[in-house]
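A.B. asks: Take a look at this one; I'll ask things after.
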Amino acid sequence: MKKTWRFRLAMLIGKMAMFAQKVLGMNATYFPGKLAIRICPDFLGQIEKPPMVIGVTGTNGKTTCANLIGNILVDQGYDVISNKMGSNINAGIASTLISGSSITGKAKHAVAVLEIDERSSRKIYSYIQPQWVLCTNLFRDTVTREAHPEFVFQLISESLPAETKLVLNADDLISSRLAPNNDRVYYSIERMPSDTEVCENIVNDMRLCPVCHEPLHFEYVRHHHIGKAHCEHCGFASPASQYEAAVDMASGVMTLEGTTYPLMGDSVFNAYNILAVVVLLREFGLSGKKISASLQKTQIVKSRYSSEVIDGVEVVTHMAKGKNAIACSCVFDYVRKEPGSKEIVLILDDYFDRKNSSENTCWYYDTDFEFLADPSIKRIIVGGVRAWDLKVRLLIAGVSEESIICTPSEADTPSLVQLDADRIFILHELYLTGAAMTVRNQIADRLRAGERQKKGEMPHDH
Amino acid sequence: MIIEVLYPSLANLYGETTAIAYLRQCLPQAEIIPTEINEEPAFVTKPVNMVFLGGMTENTQELVLEKLLPYKKHIQDVIERQIVFLALSNAMELFGEYIEKEDGTKIQALGLFPTYAKRHMDVRYNSLVLGQMEGFKLLGFKSQFSDSYGDNSQNYLFQVLRGSGLNPGSKLEGLRRHNFMATYLLGPMLVLNPAFTKYILKLLGAEVEQLPYEASLQEAFNRRLAEFEDQNTRY
Ligand SMILES: [Zn+2]
């Protein structure tokens, strides 16, 4: 394509902005691309892309999947560029491509692995035609941004380039129906012992058949609308899967096409991420053996989870993404199913809203706080400006009033923990990770100081 | 006491399911009838005391209108008989004249109120709302792809003190006729506003001294109200 003078100028300014940000020690993740697109609106179209482009999108898991795909490809010797340090909207992707280009606009890498924000689909796929797009899943997300899954579904479906091959989750009855005319492969996980007959979650956006609106018949439900279903009225059904994996949570492995892969985590969400990555890379052309070998060497970023046993008490921090009813429900489900007695610290305020607005808390009412009304949970300490709204939600969920303690600041929660349970879970919003770590450290200090014994609580094995 | 929840598998986008669970806790003796989209509404054949309809996707709005238009006379009758009807978020738009899409095409609505809606799928309108209704303050959230226009000065639900009403230029929110109430406010408004929930229960003839967990609801409301009344709070 003939490059316009606007493009050349945008590239020059973008490169300069990137250089300036690097000199200033800033992450050049967004701003250079934003400038470039402002100067040349079809900058993403004119810049040369690497010969192979992999897109990763979906409500949950896209960052983990994109990072794993990138890591494995690098481990296998591919020359990869990715937006893992940057943003996943069009400006972030422009920044990534600027850093991966020569000043004349030539791509320097063989493969691009791009995490793509669902809401930015139109602005990205109009200019970039990935050979493969992996969509991990589509769920309810932040109502003020993503509105509802049908909106996001239509946006992606209408924007995807016709030539792109899709890698889709057959167990997700929403995202599996994306862009029906595109070439595709499906993956799924065989029936698991934890599957249920009926949906235990408040939210299931596939209760009705999308074709005839009669109730869908679920053969099993994994969580929310994830599972296998068909319509007895019109014949609509979950798609057949070309890659059906067997997952063994207890031993932490997944088997697919005779190859074993490490799961690197013990949640269903995580198993789907690993499977999605493996299938995408199988389609890319790597052998199962190579993928498995590279996976063994890779680590999942642990910022979302930490665990340490101190004086007989396991102190766990677990990210529970705020404004995301699905992610929080899955974390609550995980916590209730963990063995032993528990104390929970909830730090779920939206960091930005509490500075200058008042958080829209609709999502509380789609989140399964009912899972926390469990006899194993002795106490829930809620810290933050929304503590009293959360208390109301917990009461509706059936948690007893005596076991809920509210404080307007999460900084006060460590002193409210009673240290009388086997486990302490600190469940926190992404942007309050730092605050949650401070809470964790203060609780750890209390345990290390032997406060548990002073209170007459004997540590015991679990 | 019979409460009909219309289309609970579809019209539940903004926390309505738990709002109904709370209503059930308020009225443990009530029978709650969920009506699915392919079923005939209970209000057509049964003496219901309340009808509830929550927020839905834009495609679902069209589907629901297809289902409800044949029952327009019955809905009018429900309203005239002073039966409590609560329609939240974009369910309100179904009771106006029409919904105009971005390409100018119009989806015929029930035509029970002289208002109409206009969609803007590229712009999600999000806002807080502080209102005044018959002796109590109301607070809630909006998150929507559309606004409503037309004259609701004779039949609005409440006056807006901060935020906006039917559209960003309006200070009158919602629709009201007898005990029919519709507002763009999202699902949890019942839980957020103990005074409004008590008001609904009174209309149902089920007045209570104390709502379930009322002290906690009130404390949450008071704290939230202070935020909503703070001039520094971004709406
Ligand atoms: Zn069907």
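Within each chain, counting starts at residue 1; across the structure tokens, chains are named A, B, ... in the order shown, with ligands numbered 1 upward in that order.
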So that each row is one residue of chain A with an atom at most 10 Å from ligand 1, can you give its shortest atom pair and the distance in Å to one decimal, using only C-alpha atoms and all ligand atoms, rows by chain and rising number, as CSV?
C.D. replies:
```
residue,atom,partner,partner_atom_place_in_ligand_line,distance
A:Leu208,CA,ligand 1,1 (Zn),7.8
A:Cys209,CA,ligand 1,1 (Zn),4.6
A:Pro210,CA,ligand 1,1 (Zn),6.6
A:Val211,CA,ligand 1,1 (Zn),5.0
A:Cys212,CA,ligand 1,1 (Zn),4.1
A:His213,CA,ligand 1,1 (Zn),6.0
A:Glu214,CA,ligand 1,1 (Zn),5.7
A:Pro215,CA,ligand 1,1 (Zn),7.7
A:Leu216,CA,ligand 1,1 (Zn),7.1
A:His217,CA,ligand 1,1 (Zn),9.6
A:His230,CA,ligand 1,1 (Zn),7.8
A:Cys231,CA,ligand 1,1 (Zn),4.6
A:Glu232,CA,ligand 1,1 (Zn),6.7
A:His233,CA,ligand 1,1 (Zn),5.0
A:Cys234,CA,ligand 1,1 (Zn),4.0
A:Gly235,CA,ligand 1,1 (Zn),5.9
A:Phe236,CA,ligand 1,1 (Zn),5.3
A:Ala237,CA,ligand 1,1 (Zn),8.4
```
A.B. asks: Quick check: residues of chain B within 6 Å of chain A, only C-alpha atoms, returned as JSON, numbers by chain.
C.D. replies: {"B": [14, 15, 18, 143, 220, 233, 234]}
A.B. asks: Pull all heavy atoms from the residues just selected and write them as a PDB file, in the first residue's frame.
C.D. replies:
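Once written, part_1.pdb looks like this:
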```pdb
ATOM      1  N   TYR B  14     -29.850  -5.916  35.058  1.00  0.00           N
ATOM      2  CA  TYR B  14     -29.197  -4.997  35.991  1.00  0.00           C
ATOM      3  C   TYR B  14     -29.542  -5.304  37.452  1.00  0.00           C
ATOM      4  O   TYR B  14     -29.898  -4.416  38.215  1.00  0.00           O
ATOM      5  CB  TYR B  14     -29.543  -3.555  35.606  1.00  0.00           C
ATOM      6  CG  TYR B  14     -29.241  -3.266  34.159  1.00  0.00           C
ATOM      7  CD1 TYR B  14     -30.258  -3.105  33.220  1.00  0.00           C
ATOM      8  CD2 TYR B  14     -27.917  -3.211  33.714  1.00  0.00           C
ATOM      9  CE1 TYR B  14     -29.973  -2.875  31.880  1.00  0.00           C
ATOM     10  CE2 TYR B  14     -27.620  -2.992  32.382  1.00  0.00           C
ATOM     11  CZ  TYR B  14     -28.646  -2.820  31.468  1.00  0.00           C
ATOM     12  OH  TYR B  14     -28.361  -2.601  30.150  1.00  0.00           O
ATOM     13  N   GLY B  15     -29.449  -6.565  37.804  1.00  0.00           N
ATOM     14  CA  GLY B  15     -29.646  -6.934  39.207  1.00  0.00           C
ATOM     15  C   GLY B  15     -31.091  -7.170  39.612  1.00  0.00           C
ATOM     16  O   GLY B  15     -31.394  -7.324  40.796  1.00  0.00           O
ATOM     17  N   THR B  18     -32.098 -10.300  42.001  1.00  0.00           N
ATOM     18  CA  THR B  18     -31.940 -10.163  43.446  1.00  0.00           C
ATOM     19  C   THR B  18     -32.929  -9.140  44.016  1.00  0.00           C
ATOM     20  O   THR B  18     -33.384  -9.280  45.155  1.00  0.00           O
ATOM     21  CB  THR B  18     -30.488  -9.788  43.795  1.00  0.00           C
ATOM     22  OG1 THR B  18     -29.632 -10.826  43.285  1.00  0.00           O
ATOM     23  CG2 THR B  18     -30.276  -9.680  45.291  1.00  0.00           C
ATOM     24  N   SER B 143     -27.860   3.561  33.227  1.00  0.00           N
ATOM     25  CA  SER B 143     -26.836   3.077  32.304  1.00  0.00           C
ATOM     26  C   SER B 143     -27.597   2.595  31.081  1.00  0.00           C
ATOM     27  O   SER B 143     -28.303   1.590  31.148  1.00  0.00           O
ATOM     28  CB  SER B 143     -26.032   1.939  32.943  1.00  0.00           C
ATOM     29  OG  SER B 143     -24.942   1.594  32.114  1.00  0.00           O
ATOM     30  N   ALA B 220     -27.213   2.375  54.760  1.00  0.00           N
ATOM     31  CA  ALA B 220     -26.595   2.420  53.432  1.00  0.00           C
ATOM     32  C   ALA B 220     -27.162   3.593  52.640  1.00  0.00           C
ATOM     33  O   ALA B 220     -26.433   4.320  51.957  1.00  0.00           O
ATOM     34  CB  ALA B 220     -26.825   1.104  52.692  1.00  0.00           C
ATOM     35  N   THR B 233     -19.390  15.418  44.030  1.00  0.00           N
ATOM     36  CA  THR B 233     -19.620  14.103  43.433  1.00  0.00           C
ATOM     37  C   THR B 233     -19.944  14.243  41.948  1.00  0.00           C
ATOM     38  O   THR B 233     -20.833  15.005  41.568  1.00  0.00           O
ATOM     39  CB  THR B 233     -20.770  13.378  44.166  1.00  0.00           C
ATOM     40  OG1 THR B 233     -20.362  13.153  45.510  1.00  0.00           O
ATOM     41  CG2 THR B 233     -21.095  12.050  43.503  1.00  0.00           C
ATOM     42  N   ARG B 234     -19.201  13.526  41.143  1.00  0.00           N
ATOM     43  CA  ARG B 234     -19.414  13.544  39.692  1.00  0.00           C
ATOM     44  C   ARG B 234     -20.607  12.651  39.361  1.00  0.00           C
ATOM     45  O   ARG B 234     -20.665  11.509  39.775  1.00  0.00           O
ATOM     46  CB  ARG B 234     -18.155  13.040  38.985  1.00  0.00           C
ATOM     47  CG  ARG B 234     -18.176  13.146  37.482  1.00  0.00           C
ATOM     48  CD  ARG B 234     -16.803  12.809  36.903  1.00  0.00           C
ATOM     49  NE  ARG B 234     -16.253  11.569  37.432  1.00  0.00           N
ATOM     50  CZ  ARG B 234     -16.554  10.354  36.970  1.00  0.00           C
ATOM     51  NH1 ARG B 234     -17.408  10.209  35.969  1.00  0.00           N
ATOM     52  NH2 ARG B 234     -16.011   9.278  37.506  1.00  0.00           N
TER      53      ARG B 234
END
```
A.B. asks: How would you write, as an MDAnalysis selection string, the set of residues in stretch 200-363 of chain A that DSSP gives as strand (DSSP E or B)?
C.D. replies: chainID A and resid 208 215 217:223 226:230 237 243:248 253:256 259:262 305:310 313:319 342:347
A.B. asks: Find the residues around B:Asp151 up to 12 Å (only C-alpha atoms counted), leave out those fewer than 5 positions away in its own chain, and share them as a count of residues only.
C.D. replies: 17
A.B. asks: Looking only at the backbone, which of the residues in chain B does DSSP tag as alpha helix (DSSP H), as a ChimeraX atom specification?
C.D. replies: /B:16-26,58-68,72-80,189-192,194-203,214-229
A.B. asks: Find the spatial neighbours of A:Asn83, counting only C-alpha atoms, within a cut-off of 10 Å - ignore same-chain residues fewer than 4 positions away - and output them as a list of chain:residue names.
C.D. replies: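 Here the qualifying residues turn out to be A:Thr29, A:Tyr30, A:Thr63, A:Ala66, A:Asn67, A:Gly70, A:Ser87, A:Asn88, A:Ile89, A:Gly92, A:Ile93, A:Ala94, A:Ser95, A:Thr96, A:Leu97, A:Ala112, A:Val113, A:Leu114, A:Glu115, A:Ile116.
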A.B. asks: Could you tell me which of B:Gln231, B:Asn59, B:Asn38, B:Gln25 comes closest to B:Leu6 if we count only C-alpha atoms?
C.D. replies: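 Closest to B:Leu6, using only C-alpha atoms: B:Asn38.
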A.B. asks: Using only C-alpha atoms, which residues sit within 8 Å of stretch 118-132 of chain B once same-chain residues fewer than 3 positions away are excluded, as an MDAnalysis selection string?
C.D. replies: (chainID A and resid 144:145 147 358 360) or (chainID B and resid 99:102 135:149 158:164 185 228 235)
A.B. asks: What lies within 9 Å of stretch 331-347 of chain A using only C-alpha atoms, ignoring chain neighbours under 5 positions off, as an NGL selection string?
C.D. replies: :A and (267 or 318-320 or 326 or 368-384 or 387 or 410 or 413-414 or 417-429 or 432 or 435-436 or 462)
A.B. asks: Pick out the residues sitting within 6 Å of B:Val51, and hand them over as a PyMOL selection string; count only C-alpha atoms, and ignore anything fewer than 3 positions along from it in its own chain.
C.D. replies: chain B and resi 3-5+85
A.B. asks: For B:Leu157, which residue out of B:Leu10, B:Leu65, B:Gly169, B:Phe180 is the nearest one, using only C-alpha atoms?
C.D. replies: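 Going through B:Leu10, B:Leu65, B:Gly169, B:Phe180 one by one, the smallest distance to B:Leu157 is for B:Phe180.
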A.B. asks: Taking into account only C-alpha atoms, which residue in the set B:Glu16, B:Glu209, B:Glu93, B:Glu40 is nearest to B:His74?
C.D. replies: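 Answer, going by the shortest atom-to-atom distance: B:Glu40.
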A.B. asks: Which residue, A:Asp42, A:Asp117, A:Glu200, A:Glu219, has the smallest gap to A:Gly86 when you use only C-alpha atoms?
C.D. replies: A:Asp117
